[in-house]
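S.K.: Structure file work18.pdb (PDB, C-alpha atoms and all ligand atoms) is given on the next line.
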```pdb
ATOM      1  CA  MET R   1     -18.576-125.761  16.961
ATOM      2  CA  THR R   2     -15.054-124.428  17.152
ATOM      3  CA  GLU R   3     -13.745-121.922  14.671
ATOM      4  CA  ASP R   4     -10.908-124.242  13.701
ATOM      5  CA  THR R   5     -13.055-127.142  12.518
ATOM      6  CA  HIS R   6     -14.477-124.787   9.929
ATOM      7  CA  ARG R   7     -11.269-123.106   8.897
ATOM      8  CA  SER R   8      -9.976-124.179   5.506
ATOM      9  CA  LEU R   9      -6.952-126.391   5.111
ATOM     10  CA  ARG R  10      -4.111-124.042   4.171
ATOM     11  CA  LEU R  11      -1.664-125.911   1.977
ATOM     12  CA  GLY R  12       1.689-124.372   0.989
ATOM     13  CA  VAL R  13       3.529-125.289  -2.224
ATOM     14  CA  ALA R  14       7.247-124.447  -2.214
ATOM     15  CA  GLY R  15      10.331-125.410  -4.201
ATOM     16  CA  PRO R  16      13.013-124.116  -6.538
ATOM     17  CA  VAL R  17      12.216-121.932  -9.552
ATOM     18  CA  GLY R  18      10.442-123.715 -12.381
ATOM     19  CA  THR R  19      10.010-127.114 -10.735
ATOM     20  CA  GLY R  20       6.246-126.973 -11.320
ATOM     21  CA  LYS R  21       4.626-125.296  -8.316
ATOM     22  CA  SER R  22       1.989-123.490 -10.406
ATOM     23  CA  SER R  23       1.442-126.626 -12.488
ATOM     24  CA  VAL R  24       0.852-128.729  -9.358
ATOM     25  CA  ILE R  25      -1.636-126.158  -8.084
ATOM     26  CA  ALA R  26      -3.369-126.139 -11.487
ATOM     27  CA  THR R  27      -3.551-129.940 -11.405
ATOM     28  CA  ILE R  28      -5.007-129.998  -7.892
ATOM     29  CA  CYS R  29      -7.592-127.354  -8.864
ATOM     30  CA  ARG R  30      -8.647-129.139 -12.059
ATOM     31  CA  HIS R  31      -9.075-132.500 -10.371
ATOM     32  CA  LEU R  32     -10.517-131.469  -7.023
ATOM     33  CA  ARG R  33     -12.595-128.349  -7.751
ATOM     34  CA  ASP R  34     -15.806-130.382  -7.934
ATOM     35  CA  GLU R  35     -15.104-132.007  -4.560
ATOM     36  CA  PHE R  36     -13.766-129.035  -2.599
ATOM     37  CA  ALA R  37     -14.287-125.280  -2.448
ATOM     38  CA  LEU R  38     -10.852-123.967  -3.396
ATOM     39  CA  GLY R  39      -8.875-120.722  -3.382
ATOM     40  CA  VAL R  40      -5.310-119.906  -4.457
ATOM     41  CA  ILE R  41      -2.799-117.292  -3.263
ATOM     42  CA  THR R  42       0.393-116.825  -5.278
ATOM     43  CA  ASN R  43       3.602-115.079  -4.238
ATOM     44  CA  ASP R  44       5.861-113.346  -6.708
ATOM     45  CA  ILE R  45       8.534-110.827  -5.919
ATOM     46  CA  TYR R  46       7.575-108.171  -8.453
ATOM     47  CA  THR R  47       4.709-109.465 -10.576
ATOM     48  CA  ASP R  48       1.474-111.417 -10.494
ATOM     49  CA  GLU R  49       2.755-113.796 -13.175
ATOM     50  CA  ASP R  50       1.771-117.011 -11.380
ATOM     51  CA  ALA R  51      -1.756-115.774 -10.660
ATOM     52  CA  ARG R  52      -2.157-114.703 -14.292
ATOM     53  CA  PHE R  53      -0.962-118.115 -15.483
ATOM     54  CA  LEU R  54      -3.474-119.894 -13.252
ATOM     55  CA  ARG R  55      -6.312-117.564 -14.223
ATOM     56  CA  SER R  56      -5.608-117.958 -17.919
ATOM     57  CA  ALA R  57      -5.495-121.732 -17.484
ATOM     58  CA  GLY R  58      -9.082-121.415 -16.222
ATOM     59  CA  VAL R  59      -8.514-123.748 -13.286
ATOM     60  CA  LEU R  60     -10.797-121.770 -10.967
ATOM     61  CA  PRO R  61     -13.022-118.703 -11.286
ATOM     62  CA  GLU R  62     -10.602-115.765 -11.617
ATOM     63  CA  GLU R  63     -11.565-114.102  -8.355
ATOM     64  CA  ARG R  64     -10.499-117.198  -6.409
ATOM     65  CA  ILE R  65      -6.879-116.713  -7.512
ATOM     66  CA  ARG R  66      -5.104-113.795  -5.859
ATOM     67  CA  ALA R  67      -1.520-112.579  -5.964
ATOM     68  CA  VAL R  68       0.664-111.259  -3.174
ATOM     69  CA  GLU R  69       3.533-109.208  -4.552
ATOM     70  CA  THR R  70       6.127-109.655  -1.870
ATOM     71  CA  GLY R  71       8.646-107.078  -3.077
ATOM     72  CA  ALA R  72      11.376-108.832  -1.083
ATOM     73  CA  CYS R  73      13.138-112.132  -0.727
ATOM     74  CA  PRO R  74      10.363-114.720  -0.955
ATOM     75  CA  HIS R  75      11.564-116.345   2.252
ATOM     76  CA  THR R  76      10.408-113.356   4.209
ATOM     77  CA  ALA R  77       6.776-113.356   3.114
ATOM     78  CA  ILE R  78       6.131-117.035   3.781
ATOM     79  CA  ARG R  79       8.354-117.570   6.766
ATOM     80  CA  ASP R  80       9.552-114.536   8.744
ATOM     81  CA  ASP R  81       6.749-112.000   8.410
ATOM     82  CA  VAL R  82       3.702-113.747   7.008
ATOM     83  CA  THR R  83       1.327-110.812   7.547
ATOM     84  CA  MET R  84       0.657-110.065   3.856
ATOM     85  CA  ASN R  85      -0.035-113.696   3.101
ATOM     86  CA  LEU R  86      -2.105-114.283   6.198
ATOM     87  CA  MET R  87      -4.294-111.301   5.328
ATOM     88  CA  ALA R  88      -4.686-112.547   1.755
ATOM     89  CA  VAL R  89      -5.670-116.040   2.973
ATOM     90  CA  GLU R  90      -8.121-114.666   5.555
ATOM     91  CA  ASP R  91      -9.698-112.273   3.022
ATOM     92  CA  MET R  92     -10.130-115.158   0.600
ATOM     93  CA  GLU R  93     -11.659-117.368   3.313
ATOM     94  CA  ARG R  94     -14.072-114.613   4.293
ATOM     95  CA  ASP R  95     -15.053-113.675   0.721
ATOM     96  CA  PHE R  96     -15.792-117.262  -0.321
ATOM     97  CA  ALA R  97     -16.815-118.847   2.963
ATOM     98  CA  PRO R  98     -16.852-121.705   3.524
ATOM     99  CA  LEU R  99     -13.658-122.687   1.689
ATOM    100  CA  ASP R 100     -12.249-126.187   2.082
ATOM    101  CA  ILE R 101      -8.666-125.659   0.881
ATOM    102  CA  VAL R 102      -6.531-122.569   0.222
ATOM    103  CA  LEU R 103      -3.378-123.299  -1.788
ATOM    104  CA  VAL R 104      -0.455-120.892  -1.279
ATOM    105  CA  GLU R 105       2.365-120.871  -3.849
ATOM    106  CA  SER R 106       5.700-119.585  -2.603
ATOM    107  CA  GLY R 107       7.938-117.477  -4.783
ATOM    108  CA  GLY R 108      10.396-119.578  -6.741
ATOM    109  CA  ASP R 109      13.529-120.002  -4.722
ATOM    110  CA  ASN R 110      16.443-122.307  -4.161
ATOM    111  CA  LEU R 111      16.261-125.241  -1.788
ATOM    112  CA  THR R 112      15.866-123.385   1.475
ATOM    113  CA  ALA R 113      12.402-121.792   1.511
ATOM    114  CA  THR R 114       9.809-123.223   3.859
ATOM    115  CA  PHE R 115       6.472-121.919   5.046
ATOM    116  CA  SER R 116       5.865-120.880   8.604
ATOM    117  CA  PRO R 117       3.297-123.060  10.384
ATOM    118  CA  ALA R 118       1.677-119.738  11.310
ATOM    119  CA  LEU R 119       0.670-119.445   7.632
ATOM    120  CA  VAL R 120      -0.024-122.993   6.421
ATOM    121  CA  ASP R 121      -1.233-126.233   7.986
ATOM    122  CA  ALA R 122       0.820-128.428   5.668
ATOM    123  CA  GLN R 123       3.311-128.017   2.865
ATOM    124  CA  LEU R 124       4.368-129.672  -0.340
ATOM    125  CA  PHE R 125       7.949-129.255  -1.525
ATOM    126  CA  ILE R 126       8.440-129.668  -5.281
ATOM    127  CA  LEU R 127      11.632-130.837  -6.980
ATOM    128  CA  ASP R 128      11.879-131.910 -10.595
ATOM    129  CA  VAL R 129      14.046-134.427 -12.377
ATOM    130  CA  ALA R 130      15.388-131.697 -14.682
ATOM    131  CA  GLY R 131      17.172-130.138 -11.689
ATOM    132  CA  GLY R 132      19.350-133.250 -11.494
ATOM    133  CA  GLY R 133      18.995-136.643  -9.860
ATOM    134  CA  ASP R 134      21.275-135.703  -6.971
ATOM    135  CA  VAL R 135      19.256-132.707  -5.748
ATOM    136  CA  ALA R 136      17.253-134.773  -3.286
ATOM    137  CA  ARG R 137      20.446-135.845  -1.517
ATOM    138  CA  LYS R 138      21.377-132.239  -0.807
ATOM    139  CA  GLY R 139      18.731-132.055   1.884
ATOM    140  CA  GLY R 140      17.407-128.819   3.348
ATOM    141  CA  PRO R 141      14.306-128.322   5.472
ATOM    142  CA  GLY R 142      11.731-128.612   2.680
ATOM    143  CA  ILE R 143      13.235-131.770   1.225
ATOM    144  CA  ALA R 144      13.758-133.349   4.609
ATOM    145  CA  ARG R 145      10.603-132.369   6.469
ATOM    146  CA  ALA R 146       7.830-130.990   4.241
ATOM    147  CA  ASP R 147       4.643-133.012   4.689
ATOM    148  CA  MET R 148       5.127-134.372   1.167
ATOM    149  CA  LEU R 149       8.049-134.203  -1.276
ATOM    150  CA  VAL R 150       7.013-134.244  -4.931
ATOM    151  CA  ILE R 151       9.497-135.277  -7.611
ATOM    152  CA  ASN R 152       7.912-133.691 -10.650
ATOM    153  CA  LYS R 153       8.291-134.108 -14.431
ATOM    154  CA  ILE R 154       9.236-137.782 -14.196
ATOM    155  CA  ASP R 155       8.294-138.056 -17.880
ATOM    156  CA  LEU R 156      11.538-136.150 -18.564
ATOM    157  CA  GLY R 157      13.768-138.680 -16.726
ATOM    158  CA  PRO R 158      15.082-140.451 -19.846
ATOM    159  CA  HIS R 159      15.751-137.104 -21.562
ATOM    160  CA  VAL R 160      17.927-135.754 -18.763
ATOM    161  CA  ASP R 161      19.601-139.065 -17.843
ATOM    162  CA  VAL R 162      17.973-139.241 -14.439
ATOM    163  CA  ASP R 163      17.041-142.598 -12.931
ATOM    164  CA  VAL R 164      13.696-141.695 -11.378
ATOM    165  CA  ASP R 165      13.553-144.751  -9.087
ATOM    166  CA  LEU R 166      16.993-143.921  -7.700
ATOM    167  CA  MET R 167      16.034-140.266  -7.195
ATOM    168  CA  VAL R 168      12.904-141.351  -5.323
ATOM    169  CA  SER R 169      14.850-143.748  -3.092
ATOM    170  CA  ASP R 170      17.517-141.093  -2.392
ATOM    171  CA  ALA R 171      14.760-138.658  -1.504
ATOM    172  CA  THR R 172      13.076-141.199   0.764
ATOM    173  CA  ALA R 173      16.397-141.739   2.548
ATOM    174  CA  ALA R 174      16.927-137.951   2.892
ATOM    175  CA  ARG R 175      13.492-137.849   4.563
ATOM    176  CA  ASP R 176      14.124-140.762   6.904
ATOM    177  CA  GLY R 177      11.401-142.697   5.143
ATOM    178  CA  GLY R 178       8.970-139.772   4.854
ATOM    179  CA  PRO R 179       6.571-139.724   1.884
ATOM    180  CA  VAL R 180       7.817-138.974  -1.636
ATOM    181  CA  LEU R 181       5.501-138.689  -4.638
ATOM    182  CA  PRO R 182       6.784-139.098  -8.207
ATOM    183  CA  LEU R 183       4.586-136.939 -10.446
ATOM    184  CA  SER R 184       4.026-136.129 -14.096
ATOM    185  CA  ARG R 185       1.110-134.372 -15.672
ATOM    186  CA  LYS R 186       1.402-137.018 -18.375
ATOM    187  CA  ARG R 187       0.876-139.949 -15.948
ATOM    188  CA  PRO R 188      -2.712-139.969 -14.669
ATOM    189  CA  GLU R 189      -1.962-142.515 -11.925
ATOM    190  CA  THR R 190       0.544-140.100 -10.353
ATOM    191  CA  ILE R 191      -2.019-137.302 -10.449
ATOM    192  CA  GLU R 192      -4.512-139.580  -8.737
ATOM    193  CA  ALA R 193      -1.930-140.328  -6.021
ATOM    194  CA  LEU R 194      -1.446-136.583  -5.469
ATOM    195  CA  CYS R 195      -5.195-135.995  -5.258
ATOM    196  CA  ASP R 196      -5.606-138.877  -2.806
ATOM    197  CA  TRP R 197      -2.944-137.396  -0.578
ATOM    198  CA  VAL R 198      -4.760-134.034  -0.590
ATOM    199  CA  ARG R 199      -8.066-135.779   0.175
ATOM    200  CA  ARG R 200      -6.557-137.649   3.123
ATOM    201  CA  LEU R 201      -4.876-134.517   4.438
ATOM    202  CA  HIS R 202      -8.105-132.547   4.197
ATOM    203  CA  ALA R 203     -10.022-135.292   5.986
ATOM    204  CA  ALA R 204      -7.440-135.386   8.786
ATOM    205  CA  HIS R 205      -7.502-131.581   9.075
ATOM    206  CA  ALA R 206     -11.302-131.444   9.162
ATOM    207  CA  ALA R 207     -11.333-134.140  11.860
ATOM    208  CA  GLY R 208      -8.817-132.167  13.919
ATOM    209  CA  LYS R 209      -6.310-134.980  13.523
ATOM    210  CA  HIS R 210      -3.657-133.187  11.482
ATOM    211  CA  THR R 211      -0.837-131.532  13.390
ATOM    212  CA  PRO R 212       1.124-128.897  11.430
ATOM    213  CA  ILE R 213       4.845-129.660  11.350
ATOM    214  CA  ASP R 214       7.439-126.910  11.150
ATOM    215  CA  PRO R 215      10.141-128.071   8.723
ATOM    216  CA  GLY R 216      12.337-125.460  10.369
ATOM    217  CA  PRO R 217      14.217-122.508   8.928
ATOM    218  CA  MET R 218      17.128-122.798   6.566
ATOM    219  CA  ALA R 219      18.775-126.014   7.653
ATOM    220  CA  PRO R 220      22.317-126.538   8.637
ATOM    221  CA  HIS R 221      23.477-127.437   5.129
ATOM    222  CA  ARG R 222      24.563-130.968   4.455
ATOM    223  CA  HIS R 223      26.724-130.106   1.493
ATOM    224  CA  ALA R 224      28.248-132.785  -0.605
ATOM    225  CA  PRO R 225      32.057-132.659  -0.495
ATOM    226  CA  GLU R 226      33.318-129.251  -1.610
ATOM    227  CA  ASP R 227      34.514-130.604  -4.927
ATOM    228  CA  GLY R 228      31.925-129.725  -7.444
ATOM    229  CA  HIS R 229      28.415-130.141  -6.006
ATOM    230  CA  SER R 230      27.737-126.541  -5.212
ATOM    231  CA  HIS R 231      25.461-125.413  -8.055
ATOM    232  CA  ALA R 232      22.264-125.601  -6.016
ATOM    233  CA  HIS R 233      23.600-123.258  -3.367
ATOM    234  CA  GLY R 234      24.093-120.072  -5.274
ATOM    235  CA  HIS R 235      21.698-117.936  -3.248
ATOM    236  CA  VAL R 236      23.267-115.830  -0.547
ATOM    237  CA  HIS R 237      21.557-115.849   2.823
ATOM    238  CA  SER R 238      22.140-113.416   5.574
ATOM    239  CA  ARG R 239      19.843-115.006   8.142
ATOM    240  CA  ASP R 240      20.978-117.379  10.824
TER     241      ASP R 240
HETATM  242  N1  LIG R 301       7.501-132.344 -18.999
HETATM  243  C1  LIG R 301       6.842-131.789 -17.975
HETATM  244  N2  LIG R 301       6.889-130.454 -17.808
HETATM  245  C2  LIG R 301       6.208-129.939 -16.754
HETATM  246  C3  LIG R 301       5.474-130.734 -15.844
HETATM  247  N3  LIG R 301       4.942-129.924 -14.890
HETATM  248  C4  LIG R 301       5.330-128.671 -15.219
HETATM  249  N4  LIG R 301       6.077-128.658 -16.330
HETATM  250  C5  LIG R 301       6.658-127.476 -17.020
HETATM  251  O1  LIG R 301       7.652-126.896 -16.186
HETATM  252  C6  LIG R 301       7.702-125.472 -16.418
HETATM  253  C7  LIG R 301       7.619-124.730 -15.102
HETATM  254  O2  LIG R 301       6.360-125.002 -14.514
HETATM  255  P1  LIG R 301       5.672-124.001 -13.473
HETATM  256  O3  LIG R 301       4.460-124.696 -12.964
HETATM  257  O4  LIG R 301       5.513-122.655 -14.054
HETATM  258  O5  LIG R 301       6.806-123.958 -12.359
HETATM  259  P2  LIG R 301       6.870-123.038 -11.048
HETATM  260  O6  LIG R 301       7.607-123.830 -10.025
HETATM  261  O7  LIG R 301       5.526-122.547 -10.697
HETATM  262  O8  LIG R 301       7.766-121.835 -11.582
HETATM  263  P3  LIG R 301       8.068-120.426 -10.805
HETATM  264  O9  LIG R 301       6.781-119.994 -10.154
HETATM  265  O10 LIG R 301       8.521-119.520 -11.899
HETATM  266  O11 LIG R 301       9.150-120.737  -9.824
HETATM  267  C8  LIG R 301       6.558-125.146 -17.365
HETATM  268  O12 LIG R 301       7.092-125.032 -18.670
HETATM  269  C9  LIG R 301       5.659-126.365 -17.238
HETATM  270  O13 LIG R 301       4.906-126.592 -18.423
HETATM  271  C10 LIG R 301       5.455-132.171 -16.053
HETATM  272  O14 LIG R 301       4.851-132.960 -15.322
HETATM  273  N5  LIG R 301       6.172-132.623 -17.128
HETATM  274 MG    MG R 302       4.847-120.612 -10.404
END
```
Starting from the coordinates I provided, produce the structure as structure tokens.
Ligand SMILES: Nc1nc2c(ncn2[C@@H]2O[C@H](COP(=O)(O)OP(=O)(O)OP(=O)(O)O)[C@@H](O)[C@H]2O)c(=O)[nH]1
Ligand SMILES: [Mg+2]
M.R.:
Amino acid sequence: MTEDTHRSLRLGVAGPVGTGKSSVIATICRHLRDEFALGVITNDIYTDEDARFLRSAGVLPEERIRAVETGACPHTAIRDDVTMNLMAVEDMERDFAPLDIVLVESGGDNLTATFSPALVDAQLFILDVAGGGDVARKGGPGIARADMLVINKIDLGPHVDVDVDLMVSDATAARDGGPVLPLSRKRPETIEALCDWVRRLHAAHAAGKHTPIDPGPMAPHRHAPEDGHSHAHGHVHSRD
């Protein structure tokens, strides 16, 4: 009996502000809480807004949803110095042992945030169609190499003139064929696909067959030509 076989699957959820990270976590909790023992850690810079949202949505018992207030650039707390998050995850695992899955929501950010493999075993990166159909082509470590890329809010495609199929195929190309999941809380079959992915990942982790992948730090940017595709890159980075 090794310690690792009994450690929970730690699953990170990252992506730009408002793409639906908390909603995806709420969906996973609602649909899988009878199958798995779950816990959630949220990261906000100054508040516990995300944790309060999830608690008020009643997706898990309140004490299984905890907030880390990072007080700094959200990159730092999930990537460079993960101590606060690691302690929160380990406390949660100890308080509710045995837990099957701990979900960690990153602070909302632009396209560059990724989790350190020292903190999570696997990560979801969430984009949404409202951010524009061309976002997936902009690349970045999360888009290119997260374990799964979710394209969320596909129900909004017609309202924001985004061709969802094209966005999914662009995203698949940006990931060299890696998995892409179109999702909408209004399309039950997409929710089932998300849950199946989590089930398979958990099974692989529990069997010791899942190898954490590091998407890498902020990628060398693959900007579109300088003329006019710069709106997703407004965040100034001093690292690297
Ligand atoms: N139409 C539609 N709206 C959605 C869907 N999923 C989430 N939303 C909405 O998108 C908004 C942002 O969702 P959140 O889950 O708070 O996004 P977030 O990424 O956690 O946001 P931050 O933590 O602030 O970065 C909310 O108004 C949600 O109701 C979806 O599938 N379809
Ligand atoms: Mg959130």
S.K.: Taking all atoms listed in the file into account, which of R:Ala118, R:Leu54, R:Asn152, R:Ile101 comes nearest Thr83 (chain R)?
M.R.: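 Ranked by minimum distance to Thr83 (chain R), first place goes to R:Ala118.
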S.K.: Between R:Pro212, R:Pro158, R:Pro16, R:Gly39, which has the minimum distance to Leu119 (chain R) (counting only C-alpha atoms)?
M.R.: R:Pro212
S.K.: Any idea what the distance is between CA of Pro188 (chain R) and atom O10 of ligand LIG 301 (chain R)?
M.R.: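 Pair CA of Pro188 (chain R) / atom O10 of ligand LIG 301 (chain R) returns 23.5 Å.
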S.K.: Compare R:Thr47, R:Asn85, R:Ser22, R:Thr172 by their minimum atom-to-atom distance to Val59 (chain R), counting only C-alpha atoms, and give me the closest one.
M.R.: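 Nearest candidate to Val59 (chain R) out of R:Thr47, R:Asn85, R:Ser22, R:Thr172: R:Ser22.
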S.K.: If I wrap all listed atoms of ligand LIG 301 (chain R) in a box with edges along x, y and z and add 4 Å on each side, what are its centre and edge lengths in Å to one decimal, as AutoDock Vina command-line options?
M.R.:
```
--center_x 6.8 --center_y -126.2 --center_z -14.4 --size_x 12.7 --size_y 21.4 --size_z 17.2
```
S.K.: Between CA of Gly216 (chain R) and CA of Gly142 (chain R), what distance in Å does the model show, to one decimal?
M.R.: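 Pair CA of Gly216 (chain R) / CA of Gly142 (chain R) returns 8.3 Å.
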S.K.: Apply the PyMOL selection byres (((not hetatm)) within 7 of (chain R and resi 301)) to the displayed file and report the matching residues as JSON, numbers by chain.
M.R.: {"R": [15, 16, 17, 18, 19, 20, 21, 22, 23, 24, 50, 107, 108, 109, 152, 153, 154, 155, 156, 183, 184, 185, 186]}
S.K.: Could you work out how far CA of Leu103 (chain R) lies from CA of Val120 (chain R), giving the answer in Å with one decimal?
M.R.: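 Taking CA of Val120 (chain R) and CA of Leu103 (chain R), their separation equals 8.9 Å.
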S.K.: Nearest to Asp196 (chain R): which of R:Leu111, R:Ala144, R:Ala122, R:Ile28 is it, counting all atoms listed in the file?
M.R.: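 Of the candidates, the smallest distance to Asp196 (chain R) is held by R:Ile28.
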